[in-house]
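Participant: Please find model10.pdb (PDB, C-alpha atoms, pLDDT in the B column) on the next line:
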```pdb
MODEL        1
ATOM      1  CA  MET A 146     133.568 191.250 -20.137  1.00 52.00           C
ATOM      2  CA  THR A 147     135.490 190.862 -23.367  1.00 50.00           C
ATOM      3  CA  LYS A 148     136.759 193.839 -25.337  1.00 54.00           C
ATOM      4  CA  GLU A 149     134.472 193.133 -28.319  1.00 51.00           C
ATOM      5  CA  TRP A 150     131.605 194.824 -26.462  1.00 37.00           C
ATOM      6  CA  GLN A 151     133.586 198.056 -26.226  1.00 43.00           C
ATOM      7  CA  SER A 152     133.350 198.223 -30.031  1.00 40.00           C
ATOM      8  CA  VAL A 153     130.469 200.279 -31.411  1.00 34.00           C
ATOM      9  CA  ASP A 154     130.415 198.163 -34.571  1.00 42.00           C
ATOM     10  CA  HIS A 155     130.169 194.925 -32.579  1.00 39.00           C
ATOM     11  CA  ALA A 156     127.327 196.243 -30.425  1.00 36.00           C
ATOM     12  CA  LEU A 157     125.350 197.656 -33.349  1.00 38.00           C
ATOM     13  CA  ALA A 158     125.803 194.454 -35.342  1.00 47.00           C
ATOM     14  CA  TYR A 159     124.264 192.526 -32.447  1.00 44.00           C
ATOM     15  CA  LEU A 160     121.321 194.922 -32.190  1.00 41.00           C
ATOM     16  CA  ALA A 161     120.724 194.626 -35.928  1.00 43.00           C
ATOM     17  CA  ARG A 162     120.212 190.880 -35.674  1.00 52.00           C
ATOM     18  CA  ALA A 163     118.653 190.687 -32.185  1.00 55.00           C
ATOM     19  CA  ASP A 164     115.088 190.524 -33.484  1.00 61.00           C
ATOM     20  CA  THR A 165     116.028 187.675 -35.829  1.00 62.00           C
ATOM     21  CA  ILE A 166     116.968 185.286 -32.996  1.00 72.00           C
ATOM     22  CA  PRO A 167     114.438 182.443 -33.420  1.00 74.00           C
ATOM     23  CA  HIS A 168     111.829 182.135 -30.654  1.00 82.00           C
ATOM     24  CA  ARG A 169     113.353 184.989 -28.660  1.00 85.00           C
ATOM     25  CA  THR A 170     109.971 186.547 -27.967  1.00 87.00           C
ATOM     26  CA  GLU A 171     108.722 183.232 -26.562  1.00 90.00           C
ATOM     27  CA  GLY A 172     111.589 183.199 -24.075  1.00 92.00           C
ATOM     28  CA  GLU A 173     110.976 186.829 -23.152  1.00 91.00           C
ATOM     29  CA  ALA A 174     107.279 186.148 -22.608  1.00 92.00           C
ATOM     30  CA  ALA A 175     108.113 183.240 -20.299  1.00 95.00           C
ATOM     31  CA  LEU A 176     110.512 185.462 -18.341  1.00 96.00           C
ATOM     32  CA  ILE A 177     108.009 188.272 -17.921  1.00 94.00           C
ATOM     33  CA  GLU A 178     105.379 185.843 -16.595  1.00 96.00           C
ATOM     34  CA  GLU A 179     107.698 185.058 -13.652  1.00 97.00           C
ATOM     35  CA  VAL A 180     107.870 188.685 -12.496  1.00 97.00           C
ATOM     36  CA  SER A 181     104.993 189.843 -10.312  1.00 97.00           C
ATOM     37  CA  PRO A 182     103.060 192.855 -11.634  1.00 96.00           C
ATOM     38  CA  ASP A 183     103.399 194.285  -8.105  1.00 96.00           C
ATOM     39  CA  CYS A 184     107.194 194.315  -8.349  1.00 96.00           C
ATOM     40  CA  LYS A 185     108.661 197.633  -7.167  1.00 98.00           C
ATOM     41  CA  ARG A 186     112.393 197.398  -7.954  1.00 98.00           C
ATOM     42  CA  ILE A 187     113.973 195.657 -10.945  1.00 98.00           C
ATOM     43  CA  LEU A 188     117.622 195.195 -11.879  1.00 98.00           C
ATOM     44  CA  ASP A 189     118.435 194.368 -15.500  1.00 98.00           C
ATOM     45  CA  LEU A 190     121.933 192.941 -15.988  1.00 97.00           C
ATOM     46  CA  GLY A 191     123.323 193.533 -19.465  1.00 95.00           C
ATOM     47  CA  THR A 192     120.419 195.675 -20.587  1.00 95.00           C
ATOM     48  CA  GLY A 193     121.642 196.258 -24.150  1.00 90.00           C
ATOM     49  CA  ASP A 194     119.329 198.839 -25.681  1.00 91.00           C
ATOM     50  CA  GLY A 195     116.830 198.456 -22.824  1.00 94.00           C
ATOM     51  CA  ARG A 196     114.527 196.025 -24.630  1.00 91.00           C
ATOM     52  CA  LEU A 197     113.905 193.736 -21.646  1.00 93.00           C
ATOM     53  CA  MET A 198     113.544 196.561 -19.149  1.00 94.00           C
ATOM     54  CA  SER A 199     110.889 198.163 -21.351  1.00 91.00           C
ATOM     55  CA  LEU A 200     108.903 194.924 -21.390  1.00 92.00           C
ATOM     56  CA  LEU A 201     109.248 194.507 -17.628  1.00 94.00           C
ATOM     57  CA  LEU A 202     107.957 198.030 -16.998  1.00 94.00           C
ATOM     58  CA  LEU A 203     104.893 197.261 -19.086  1.00 93.00           C
ATOM     59  CA  ARG A 204     104.350 194.273 -16.808  1.00 94.00           C
ATOM     60  CA  CYS A 205     105.133 196.277 -13.639  1.00 95.00           C
ATOM     61  CA  PRO A 206     103.966 199.866 -14.250  1.00 93.00           C
ATOM     62  CA  SER A 207     104.706 201.042 -10.695  1.00 96.00           C
ATOM     63  CA  ALA A 208     108.239 199.625 -10.663  1.00 97.00           C
ATOM     64  CA  LYS A 209     111.532 201.471 -10.830  1.00 98.00           C
ATOM     65  CA  GLY A 210     114.492 199.917 -12.581  1.00 98.00           C
ATOM     66  CA  ILE A 211     118.257 199.988 -12.799  1.00 98.00           C
ATOM     67  CA  ALA A 212     119.688 198.916 -16.147  1.00 98.00           C
ATOM     68  CA  ILE A 213     123.401 198.190 -16.391  1.00 97.00           C
ATOM     69  CA  ASP A 214     125.648 197.402 -19.327  1.00 95.00           C
ATOM     70  CA  PHE A 215     129.317 197.453 -20.267  1.00 90.00           C
ATOM     71  CA  SER A 216     129.122 198.568 -23.898  1.00 89.00           C
ATOM     72  CA  PRO A 217     129.176 202.329 -24.562  1.00 91.00           C
ATOM     73  CA  ALA A 218     127.016 201.858 -27.659  1.00 89.00           C
ATOM     74  CA  MET A 219     124.436 199.833 -25.721  1.00 88.00           C
ATOM     75  CA  ILE A 220     124.371 202.369 -22.904  1.00 94.00           C
ATOM     76  CA  ALA A 221     123.794 205.178 -25.405  1.00 94.00           C
ATOM     77  CA  ARG A 222     120.852 203.297 -26.928  1.00 91.00           C
ATOM     78  CA  ALA A 223     119.354 202.515 -23.522  1.00 95.00           C
ATOM     79  CA  ARG A 224     119.681 206.112 -22.367  1.00 96.00           C
ATOM     80  CA  GLU A 225     118.022 207.259 -25.560  1.00 95.00           C
ATOM     81  CA  ARG A 226     115.140 204.831 -24.959  1.00 94.00           C
ATOM     82  CA  PHE A 227     114.605 205.956 -21.353  1.00 96.00           C
ATOM     83  CA  HIS A 228     115.567 209.622 -21.657  1.00 95.00           C
ATOM     84  CA  ASP A 229     112.085 210.804 -20.606  1.00 94.00           C
ATOM     85  CA  ASP A 230     111.310 207.965 -18.183  1.00 95.00           C
ATOM     86  CA  ASP A 231     112.438 208.809 -14.659  1.00 95.00           C
ATOM     87  CA  ARG A 232     111.664 205.268 -13.493  1.00 97.00           C
ATOM     88  CA  VAL A 233     114.892 203.953 -15.022  1.00 98.00           C
ATOM     89  CA  ARG A 234     118.557 204.606 -14.205  1.00 98.00           C
ATOM     90  CA  VAL A 235     121.034 203.428 -16.840  1.00 98.00           C
ATOM     91  CA  LEU A 236     124.495 202.733 -15.453  1.00 97.00           C
ATOM     92  CA  LYS A 237     127.782 201.572 -16.943  1.00 95.00           C
ATOM     93  CA  HIS A 238     129.277 198.565 -15.204  1.00 95.00           C
ATOM     94  CA  ASP A 239     131.307 195.556 -16.259  1.00 92.00           C
ATOM     95  CA  PHE A 240     129.652 192.752 -14.317  1.00 88.00           C
ATOM     96  CA  SER A 241     132.680 190.547 -14.718  1.00 89.00           C
ATOM     97  CA  GLU A 242     133.587 192.688 -11.683  1.00 95.00           C
ATOM     98  CA  PRO A 243     131.581 192.651  -8.414  1.00 97.00           C
ATOM     99  CA  LEU A 244     128.287 194.495  -8.593  1.00 97.00           C
ATOM    100  CA  PRO A 245     128.274 197.995  -7.096  1.00 95.00           C
ATOM    101  CA  ASP A 246     125.925 198.890  -4.258  1.00 95.00           C
ATOM    102  CA  LEU A 247     122.601 199.077  -6.081  1.00 95.00           C
ATOM    103  CA  GLY A 248     120.285 198.433  -3.162  1.00 97.00           C
ATOM    104  CA  THR A 249     117.872 195.504  -3.019  1.00 98.00           C
ATOM    105  CA  HIS A 250     115.464 194.344  -5.687  1.00 98.00           C
ATOM    106  CA  ASP A 251     112.269 192.353  -6.111  1.00 98.00           C
ATOM    107  CA  ALA A 252     113.476 190.976  -9.426  1.00 98.00           C
ATOM    108  CA  VAL A 253     116.867 190.604 -11.057  1.00 98.00           C
ATOM    109  CA  CYS A 254     116.656 189.754 -14.747  1.00 98.00           C
ATOM    110  CA  SER A 255     119.091 189.248 -17.591  1.00 97.00           C
ATOM    111  CA  SER A 256     118.774 188.463 -21.275  1.00 93.00           C
ATOM    112  CA  PHE A 257     121.652 186.943 -23.264  1.00 91.00           C
ATOM    113  CA  ALA A 258     124.392 188.601 -21.220  1.00 92.00           C
ATOM    114  CA  ILE A 259     125.748 186.454 -18.392  1.00 96.00           C
ATOM    115  CA  HIS A 260     127.217 183.905 -20.802  1.00 92.00           C
ATOM    116  CA  HIS A 261     129.947 186.448 -21.584  1.00 90.00           C
ATOM    117  CA  VAL A 262     131.589 186.053 -18.150  1.00 95.00           C
ATOM    118  CA  SER A 263     133.763 183.184 -16.939  1.00 95.00           C
ATOM    119  CA  HIS A 264     132.195 180.193 -15.213  1.00 96.00           C
ATOM    120  CA  ASP A 265     133.778 181.197 -11.902  1.00 97.00           C
ATOM    121  CA  ARG A 266     132.297 184.657 -12.282  1.00 97.00           C
ATOM    122  CA  LYS A 267     128.872 183.174 -13.089  1.00 97.00           C
ATOM    123  CA  ARG A 268     128.946 181.454  -9.695  1.00 98.00           C
ATOM    124  CA  SER A 269     129.999 184.565  -7.785  1.00 98.00           C
ATOM    125  CA  LEU A 270     127.538 186.750  -9.726  1.00 98.00           C
ATOM    126  CA  TYR A 271     124.676 184.392  -8.853  1.00 98.00           C
ATOM    127  CA  GLN A 272     125.710 184.707  -5.197  1.00 98.00           C
ATOM    128  CA  GLU A 273     125.694 188.505  -5.451  1.00 98.00           C
ATOM    129  CA  ILE A 274     122.244 188.388  -7.050  1.00 98.00           C
ATOM    130  CA  TRP A 275     121.007 186.244  -4.150  1.00 98.00           C
ATOM    131  CA  GLU A 276     122.301 188.790  -1.671  1.00 98.00           C
ATOM    132  CA  ILE A 277     120.554 191.778  -3.277  1.00 98.00           C
ATOM    133  CA  LEU A 278     117.202 190.067  -3.799  1.00 98.00           C
ATOM    134  CA  GLU A 279     114.428 190.739  -1.332  1.00 98.00           C
ATOM    135  CA  PRO A 280     112.927 187.601   0.265  1.00 98.00           C
ATOM    136  CA  GLY A 281     110.464 186.232  -2.269  1.00 98.00           C
ATOM    137  CA  GLY A 282     112.348 187.966  -5.070  1.00 98.00           C
ATOM    138  CA  VAL A 283     112.938 186.233  -8.379  1.00 98.00           C
ATOM    139  CA  PHE A 284     116.014 185.812 -10.556  1.00 98.00           C
ATOM    140  CA  CYS A 285     115.332 185.176 -14.249  1.00 98.00           C
ATOM    141  CA  ASN A 286     118.102 184.578 -16.750  1.00 98.00           C
ATOM    142  CA  LEU A 287     117.172 184.164 -20.419  1.00 95.00           C
ATOM    143  CA  GLU A 288     120.418 182.747 -21.638  1.00 94.00           C
ATOM    144  CA  HIS A 289     122.519 181.214 -24.377  1.00 90.00           C
ATOM    145  CA  VAL A 290     123.661 177.883 -22.943  1.00 93.00           C
ATOM    146  CA  SER A 291     126.011 175.174 -24.094  1.00 90.00           C
ATOM    147  CA  SER A 292     124.620 172.324 -26.147  1.00 81.00           C
ATOM    148  CA  PRO A 293     124.582 168.638 -25.152  1.00 74.00           C
ATOM    149  CA  THR A 294     125.447 167.735 -28.748  1.00 69.00           C
ATOM    150  CA  SER A 295     127.993 168.973 -31.282  1.00 65.00           C
ATOM    151  CA  ARG A 296     125.408 169.577 -34.023  1.00 63.00           C
ATOM    152  CA  LEU A 297     123.113 172.116 -32.389  1.00 61.00           C
ATOM    153  CA  PRO A 298     125.573 175.049 -32.155  1.00 59.00           C
ATOM    154  CA  GLN A 299     126.050 175.108 -35.919  1.00 55.00           C
ATOM    155  CA  ARG A 300     122.307 174.768 -36.390  1.00 58.00           C
ATOM    156  CA  ILE A 301     121.772 177.873 -34.229  1.00 59.00           C
ATOM    157  CA  THR A 302     124.375 179.771 -36.254  1.00 57.00           C
ATOM    158  CA  ASP A 303     122.700 178.747 -39.508  1.00 57.00           C
ATOM    159  CA  LEU A 304     119.281 179.911 -38.289  1.00 55.00           C
ATOM    160  CA  ILE A 305     120.514 183.249 -36.975  1.00 51.00           C
ATOM    161  CA  GLY A 306     122.649 183.792 -40.045  1.00 47.00           C
ATOM    162  CA  ASP A 307     125.715 184.994 -38.192  1.00 46.00           C
ATOM    163  CA  GLN A 308     129.021 183.625 -36.999  1.00 46.00           C
ATOM    164  CA  GLU A 309     129.414 182.446 -33.400  1.00 52.00           C
ATOM    165  CA  ASP A 310     130.359 185.296 -31.070  1.00 61.00           C
ATOM    166  CA  GLU A 311     133.923 184.775 -29.865  1.00 64.00           C
ATOM    167  CA  SER A 312     133.010 186.338 -26.522  1.00 73.00           C
ATOM    168  CA  ASN A 313     130.609 183.497 -25.653  1.00 85.00           C
ATOM    169  CA  ILE A 314     131.534 181.387 -22.611  1.00 92.00           C
ATOM    170  CA  LEU A 315     128.656 178.937 -22.556  1.00 92.00           C
ATOM    171  CA  LEU A 316     127.665 176.699 -19.651  1.00 95.00           C
ATOM    172  CA  ASP A 317     125.079 173.915 -19.677  1.00 95.00           C
ATOM    173  CA  VAL A 318     121.652 174.208 -18.084  1.00 96.00           C
ATOM    174  CA  GLU A 319     122.107 171.477 -15.489  1.00 96.00           C
ATOM    175  CA  THR A 320     125.281 172.963 -14.017  1.00 97.00           C
ATOM    176  CA  GLN A 321     123.720 176.404 -13.736  1.00 98.00           C
ATOM    177  CA  LEU A 322     120.619 175.047 -12.024  1.00 98.00           C
ATOM    178  CA  LEU A 323     122.832 173.247  -9.520  1.00 98.00           C
ATOM    179  CA  LEU A 324     124.726 176.482  -8.838  1.00 98.00           C
ATOM    180  CA  LEU A 325     121.475 178.292  -8.061  1.00 98.00           C
ATOM    181  CA  ARG A 326     120.266 175.507  -5.757  1.00 98.00           C
ATOM    182  CA  ASP A 327     123.590 175.365  -3.919  1.00 98.00           C
ATOM    183  CA  ILE A 328     123.387 179.112  -3.240  1.00 98.00           C
ATOM    184  CA  GLY A 329     119.933 178.690  -1.708  1.00 98.00           C
ATOM    185  CA  PHE A 330     117.445 179.574  -4.435  1.00 98.00           C
ATOM    186  CA  GLU A 331     114.227 177.571  -4.389  1.00 98.00           C
ATOM    187  CA  ASP A 332     111.811 176.657  -7.185  1.00 98.00           C
ATOM    188  CA  VAL A 333     114.876 176.493  -9.421  1.00 98.00           C
ATOM    189  CA  ALA A 334     114.005 175.344 -12.916  1.00 98.00           C
ATOM    190  CA  CYS A 335     114.560 175.699 -16.618  1.00 98.00           C
ATOM    191  CA  LEU A 336     111.182 177.201 -17.472  1.00 98.00           C
ATOM    192  CA  TRP A 337     111.622 177.448 -21.237  1.00 97.00           C
ATOM    193  CA  LYS A 338     114.107 176.077 -23.709  1.00 95.00           C
ATOM    194  CA  TRP A 339     114.693 175.998 -27.445  1.00 90.00           C
ATOM    195  CA  ARG A 340     117.938 174.418 -28.588  1.00 86.00           C
ATOM    196  CA  GLU A 341     120.693 176.518 -26.948  1.00 87.00           C
ATOM    197  CA  LEU A 342     118.360 179.193 -25.605  1.00 91.00           C
ATOM    198  CA  ALA A 343     116.987 178.698 -22.105  1.00 95.00           C
ATOM    199  CA  LEU A 344     115.199 180.537 -19.306  1.00 97.00           C
ATOM    200  CA  LEU A 345     116.723 179.699 -15.909  1.00 98.00           C
ATOM    201  CA  ALA A 346     114.932 180.939 -12.816  1.00 98.00           C
ATOM    202  CA  GLY A 347     114.902 180.731  -9.032  1.00 98.00           C
ATOM    203  CA  VAL A 348     113.282 182.433  -6.067  1.00 98.00           C
ATOM    204  CA  LYS A 349     114.882 183.624  -2.837  1.00 98.00           C
ATOM    205  CA  PRO A 350     112.931 182.021   0.031  1.00 98.00           C
ATOM    206  CA  ARG A 351     110.919 184.224   2.317  1.00 93.00           C
ATOM    207  CA  ALA A 352     112.206 184.472   5.875  1.00 74.00           C
TER     208      ALA A 352
ENDMDL
END
```
What does the file become when written as structure tokens?

Facilitator:
Amino acid sequence: MTKEWQSVDHALAYLARADTIPHRTEGEAALIEEVSPDCKRILDLGTGDGRLMSLLLLRCPSAKGIAIDFSPAMIARARERFHDDDRVRVLKHDFSEPLPDLGTHDAVCSSFAIHHVSHDRKRSLYQEIWEILEPGGVFCNLEHVSSPTSRLPQRITDLIGDQEDESNILLDVETQLLLLRDIGFEDVACLWKWRELALLAGVKPRA
């Protein structure tokens, strides 16, 4: 991950504008629908302040979760959110490096995080996610993707009211779906999209 996310100011600036991202709640709702309420173990990659994990636990009240992030400020916020919830472990990890041994999971989810790693790392991270998913488990990635036109990125910036994050390494939807299919995911699809925001998902086949 890039050094910007080690900066408290950078992380807090993102959190301050996170709720202003247009249609974000629609994407989150679409993601949550893909996770079974019976899910027992959830991994949240790039948890930020724990927003997505909180929503997933409402959907899956008997689940336990692991929430990882690279930013000290984000980790502090997430730990504050879950300080009295023993269902959640908050861990520091830079997922531009291989994932640590976190066991297996029924769902691996991410929200606006994976686009900060290189394209090569996206491919290897997707492979690692496949390996730690239980058969029938789902991977859901609500993501900032590259645009097929040159106009839309500026339009997104205008709507959010902030400058483009220099740490973004965006990849188009089609390429990412192909990566997931090549690894072996099934039911791979873009389940929701608005401009450069997209929900990419796939399921690990049952044995």

Participant: Choose the residue, out of A:Ala334, A:Asp189, A:Val283, A:Gly210, that has the smallest atom-to-atom separation from Phe240 of chain A; count all atoms listed in the file.

Facilitator: A:Asp189

Participant: Could the centre and edge lengths of an axis-aligned box, enclosing all atoms of segment 331-350 of chain A in the file with 5 Å extra on each side, be given in Å to one decimal as lines of an AutoDock Vina configuration file?

Facilitator:
```
center_x = 115.9
center_y = 179.0
center_z = -14.3
size_x = 19.5
size_y = 19.2
size_z = 38.6
```

Participant: For Tyr271 of chain A, list every protein, DNA or RNA residue within 9 Å, evaluated using all atoms listed in the file, and leave out those in the same chain fewer than 4 positions away; present the list as a list in words.

Facilitator: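 Once the adjacent positions are removed, what remains is Arg266, Lys267, Trp275, Glu276, Phe284, Leu324, Leu325 and Ile328 of chain A.
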
Participant: Given all atoms listed in the file as the basis, pick out the residue of A:Leu247, A:Leu323, A:Leu278, A:Cys285 nearest to Glu179 of chain A.

Facilitator: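 Closest residue, counting all atoms listed in the file: A:Cys285.
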
Participant: Could you expand the PyMOL selection byres ((chain A and resi 174) around 12) into the explicit residues it covers here, written as a list in words?

Facilitator: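 Selected by the PyMOL selection byres ((chain A and resi 174) around 12) in this file: His168, Arg169, Thr170, Glu171, Gly172, Glu173, Ala175, Leu176, Ile177, Glu178, Glu179, Val180, Leu197, Leu200, Leu201, Leu203, Arg204, Ser256, Cys285, Leu287, Leu336, Trp337 and Leu344 of chain A.
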
Participant: Point out the residue among A:Lys209, A:His238, A:His250, A:Lys338 with the least atom-to-atom distance to Asn286 of chain A, counting only C-alpha atoms.

Facilitator: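 Of the candidates, the smallest distance to Asn286 of chain A is held by A:Lys338.
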
Participant: Point out the residue among A:Leu322, A:Leu316, A:Leu188, A:Cys335 with the least atom-to-atom distance to Ser255 of chain A, counting all atoms listed in the file.

Facilitator: A:Leu188

Participant: By how many Å are atom CA of Arg326 of chain A and atom CA of Ser312 of chain A apart?

Facilitator: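 If I compute the distance from atom CA of Arg326 of chain A to atom CA of Ser312 of chain A, I get 26.7 Å.
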
Participant: Interatomic distance between atom CA of Cys254 of chain A and atom CA of Leu345 of chain A?

Facilitator: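 Rounded to one decimal, the two atoms are 10.1 Å apart.
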
Participant: What is the atom CA of Lys349 of chain A to atom CA of Asp332 of chain A distance in Å?

Facilitator: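 Computed distance, atom CA of Lys349 of chain A to atom CA of Asp332 of chain A, equals 8.8 Å.
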
Participant: Given all atoms listed in the file as the basis, pick out the residue of A:His264, A:Arg351, A:Arg224, A:His289 nearest to Ser199 of chain A.

Facilitator: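 Smallest separation from Ser199 of chain A among the options: A:Arg224.
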